[in-house]
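Visitor: Before we start, here is the structure in question, set down as structure tokens.
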Amino acid sequence: KQWYQRRVAITAGEKTYIRYVGAAAMYMIGKRLRKRHNLDRDVRSELYSGLNIWLRAMKGKKFHGGDKPNLADIEMYGMCSAFHGMPSWEDAVQNTKIEKWYNRMERYLKKKSAIGLTSANPTLTSVSTDNAAVSV
């Protein structure tokens, strides 16, 4: 077995250490990041502000890419998916209009496959592989 395939038993003391030392470390990292990026103490309001700026930049379009998502839409969807279903997502939904765009992206991506999605092909258009067109 490889080192990452082995099961390792963690003692109760190690779990406690990880929990409390990890929490303290994350608290300190959060303070540093907040200071480095000049964020308000209320980071949720910063999140809402960023989402609202992003939504306003769409200027009434369905997606940043217009009728189809572009790479900016895909990247924002990935970021939002990381905290979708968490309390911070619920707060963002209540304080911004991000849910409408997010649901539109979900519907679009369910219809389309991400095969061939690269920065060179950011709009989920058809790509060709092995001389056979793959419709995405």
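Residues in the structure tokens are named by chain (A, B, ... in the order shown) and by number from 1 within that chain; ligands are numbered from 1 in the order shown.
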When DSSP is applied to the backbone of this structure, which of chain A are assigned helix (DSSP H, G or I)? Write them out as a VMD selection string.
Guide: chain A and resid 3 to 5 12 to 36 43 to 56 71 to 83 87 to 95 98 to 111
Visitor: Within 9 Å of range 47-56 of chain A, counting only C-alpha atoms, which residues qualify if same-chain residues fewer than 4 places away don't, as an NGL selection string?
Guide: :A and (43 or 60 or 64 or 91-92 or 95-98 or 101)
Visitor: For those residues, write all heavy atoms to a file as an mmCIF file, in the first residue's frame.
Guide:
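Result saved to out_1.cif:
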```
data_model
loop_
_atom_site.group_PDB
_atom_site.id
_atom_site.type_symbol
_atom_site.label_atom_id
_atom_site.label_comp_id
_atom_site.auth_asym_id
_atom_site.auth_seq_id
_atom_site.Cartn_x
_atom_site.Cartn_y
_atom_site.Cartn_z
ATOM 1 N N VAL A 43 -16.883 40.084 7.335
ATOM 2 C CA VAL A 43 -16.493 39.523 6.041
ATOM 3 C C VAL A 43 -17.693 39.090 5.211
ATOM 4 O O VAL A 43 -17.614 39.057 3.987
ATOM 5 C CB VAL A 43 -15.481 38.362 6.192
ATOM 6 C CG1 VAL A 43 -14.147 38.880 6.665
ATOM 7 C CG2 VAL A 43 -16.002 37.282 7.097
ATOM 8 N N GLY A 60 -27.510 43.146 -16.994
ATOM 9 C CA GLY A 60 -28.792 42.633 -17.464
ATOM 10 C C GLY A 60 -28.716 41.407 -18.345
ATOM 11 O O GLY A 60 -29.747 40.904 -18.786
ATOM 12 N N HIS A 64 -22.209 36.366 -17.803
ATOM 13 C CA HIS A 64 -21.141 37.301 -18.164
ATOM 14 C C HIS A 64 -20.783 37.147 -19.636
ATOM 15 O O HIS A 64 -20.392 38.109 -20.278
ATOM 16 C CB HIS A 64 -19.902 37.089 -17.281
ATOM 17 C CG HIS A 64 -19.879 37.999 -16.112
ATOM 18 N ND1 HIS A 64 -19.213 39.190 -16.109
ATOM 19 C CD2 HIS A 64 -20.481 37.897 -14.907
ATOM 20 C CE1 HIS A 64 -19.388 39.778 -14.946
ATOM 21 N NE2 HIS A 64 -20.161 39.020 -14.205
ATOM 22 N N ASP A 91 -27.146 33.017 3.611
ATOM 23 C CA ASP A 91 -27.067 34.452 3.870
ATOM 24 C C ASP A 91 -26.841 35.226 2.573
ATOM 25 O O ASP A 91 -27.445 36.275 2.356
ATOM 26 C CB ASP A 91 -25.932 34.774 4.848
ATOM 27 C CG ASP A 91 -26.244 34.343 6.262
ATOM 28 O OD1 ASP A 91 -27.411 34.005 6.547
ATOM 29 O OD2 ASP A 91 -25.315 34.342 7.088
ATOM 30 N N ALA A 92 -25.976 34.712 1.713
ATOM 31 C CA ALA A 92 -25.704 35.377 0.439
ATOM 32 C C ALA A 92 -26.963 35.421 -0.424
ATOM 33 O O ALA A 92 -27.245 36.424 -1.069
ATOM 34 C CB ALA A 92 -24.568 34.675 -0.298
ATOM 35 N N ASN A 95 -29.241 38.108 0.914
ATOM 36 C CA ASN A 95 -28.730 39.474 0.826
ATOM 37 C C ASN A 95 -28.286 39.912 -0.564
ATOM 38 O O ASN A 95 -27.855 41.045 -0.735
ATOM 39 C CB ASN A 95 -27.565 39.652 1.809
ATOM 40 C CG ASN A 95 -28.055 39.597 3.242
ATOM 41 O OD1 ASN A 95 -28.646 40.544 3.730
ATOM 42 N ND2 ASN A 95 -27.837 38.470 3.898
ATOM 43 N N THR A 96 -28.348 39.015 -1.543
ATOM 44 C CA THR A 96 -27.984 39.347 -2.920
ATOM 45 C C THR A 96 -28.966 38.653 -3.862
ATOM 46 O O THR A 96 -29.849 37.930 -3.411
ATOM 47 C CB THR A 96 -26.553 38.881 -3.276
ATOM 48 O OG1 THR A 96 -26.532 37.448 -3.330
ATOM 49 C CG2 THR A 96 -25.523 39.380 -2.287
ATOM 50 N N LYS A 97 -28.774 38.839 -5.143
ATOM 51 C CA LYS A 97 -29.611 38.178 -6.150
ATOM 52 C C LYS A 97 -28.826 37.079 -6.870
ATOM 53 O O LYS A 97 -29.105 36.756 -8.015
ATOM 54 C CB LYS A 97 -30.145 39.204 -7.131
ATOM 55 C CG LYS A 97 -31.062 40.205 -6.456
ATOM 56 C CD LYS A 97 -31.610 41.200 -7.426
ATOM 57 C CE LYS A 97 -32.527 42.154 -6.663
ATOM 58 N NZ LYS A 97 -33.154 43.125 -7.524
ATOM 59 N N ILE A 98 -27.869 36.490 -6.186
ATOM 60 C CA ILE A 98 -26.982 35.502 -6.803
ATOM 61 C C ILE A 98 -27.697 34.191 -7.125
ATOM 62 O O ILE A 98 -27.316 33.493 -8.064
ATOM 63 C CB ILE A 98 -25.732 35.228 -5.909
ATOM 64 C CG1 ILE A 98 -24.654 34.482 -6.686
ATOM 65 C CG2 ILE A 98 -26.109 34.486 -4.640
ATOM 66 C CD1 ILE A 98 -23.979 35.279 -7.747
ATOM 67 N N TRP A 101 -28.964 33.702 -10.807
ATOM 68 C CA TRP A 101 -27.862 33.401 -11.736
ATOM 69 C C TRP A 101 -27.332 31.987 -11.491
ATOM 70 O O TRP A 101 -27.080 31.239 -12.430
ATOM 71 C CB TRP A 101 -26.742 34.429 -11.572
ATOM 72 C CG TRP A 101 -25.499 34.026 -12.296
ATOM 73 C CD1 TRP A 101 -25.200 34.252 -13.600
ATOM 74 C CD2 TRP A 101 -24.414 33.271 -11.766
ATOM 75 N NE1 TRP A 101 -23.987 33.696 -13.915
ATOM 76 C CE2 TRP A 101 -23.492 33.075 -12.789
ATOM 77 C CE3 TRP A 101 -24.133 32.740 -10.509
ATOM 78 C CZ2 TRP A 101 -22.306 32.373 -12.605
ATOM 79 C CZ3 TRP A 101 -22.961 32.043 -10.325
ATOM 80 C CH2 TRP A 101 -22.061 31.867 -11.379
#
```
Visitor: How many Å separate CA of Asp73 in chain A from CA of Arg104 in chain A?
Guide: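 Between CA of Asp73 in chain A and CA of Arg104 in chain A the gap is 10.7 Å.
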Visitor: Check chain A with DSSP on the backbone and list each residue it calls strand (DSSP E), as a list in words.
Guide: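 Going through chain A, the strand (DSSP E) residues come out as Val127, Ser128, Thr129, Ala132, Ala133 and Val134 of chain A.
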Visitor: Kindly save the residues from that selection, with N, CA, C and O atoms included, as a PDB file, in the first residue's frame.
Guide:
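Result written to result.pdb:
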```pdb
ATOM      1  N   VAL A 127     -16.617  20.607 -29.446  1.00  0.00           N
ATOM      2  CA  VAL A 127     -15.192  20.376 -29.663  1.00  0.00           C
ATOM      3  C   VAL A 127     -15.048  19.097 -30.463  1.00  0.00           C
ATOM      4  O   VAL A 127     -15.946  18.279 -30.516  1.00  0.00           O
ATOM      5  N   SER A 128     -13.902  18.935 -31.058  1.00  0.00           N
ATOM      6  CA  SER A 128     -13.648  17.750 -31.852  1.00  0.00           C
ATOM      7  C   SER A 128     -12.584  16.910 -31.182  1.00  0.00           C
ATOM      8  O   SER A 128     -11.527  17.421 -30.789  1.00  0.00           O
ATOM      9  N   THR A 129     -12.863  15.617 -31.008  1.00  0.00           N
ATOM     10  CA  THR A 129     -11.867  14.702 -30.452  1.00  0.00           C
ATOM     11  C   THR A 129     -11.837  13.448 -31.321  1.00  0.00           C
ATOM     12  O   THR A 129     -12.879  12.922 -31.689  1.00  0.00           O
ATOM     13  N   ALA A 132     -14.041  12.962 -34.385  1.00  0.00           N
ATOM     14  CA  ALA A 132     -15.492  12.860 -34.211  1.00  0.00           C
ATOM     15  C   ALA A 132     -15.950  14.066 -33.405  1.00  0.00           C
ATOM     16  O   ALA A 132     -15.407  14.358 -32.358  1.00  0.00           O
ATOM     17  N   ALA A 133     -16.939  14.752 -33.893  1.00  0.00           N
ATOM     18  CA  ALA A 133     -17.442  15.933 -33.184  1.00  0.00           C
ATOM     19  C   ALA A 133     -18.176  15.474 -31.932  1.00  0.00           C
ATOM     20  O   ALA A 133     -18.966  14.541 -31.960  1.00  0.00           O
ATOM     21  N   VAL A 134     -17.898  16.138 -30.850  1.00  0.00           N
ATOM     22  CA  VAL A 134     -18.573  15.862 -29.602  1.00  0.00           C
ATOM     23  C   VAL A 134     -19.428  17.074 -29.294  1.00  0.00           C
ATOM     24  O   VAL A 134     -18.936  18.172 -29.151  1.00  0.00           O
TER      25      VAL A 134
END
```
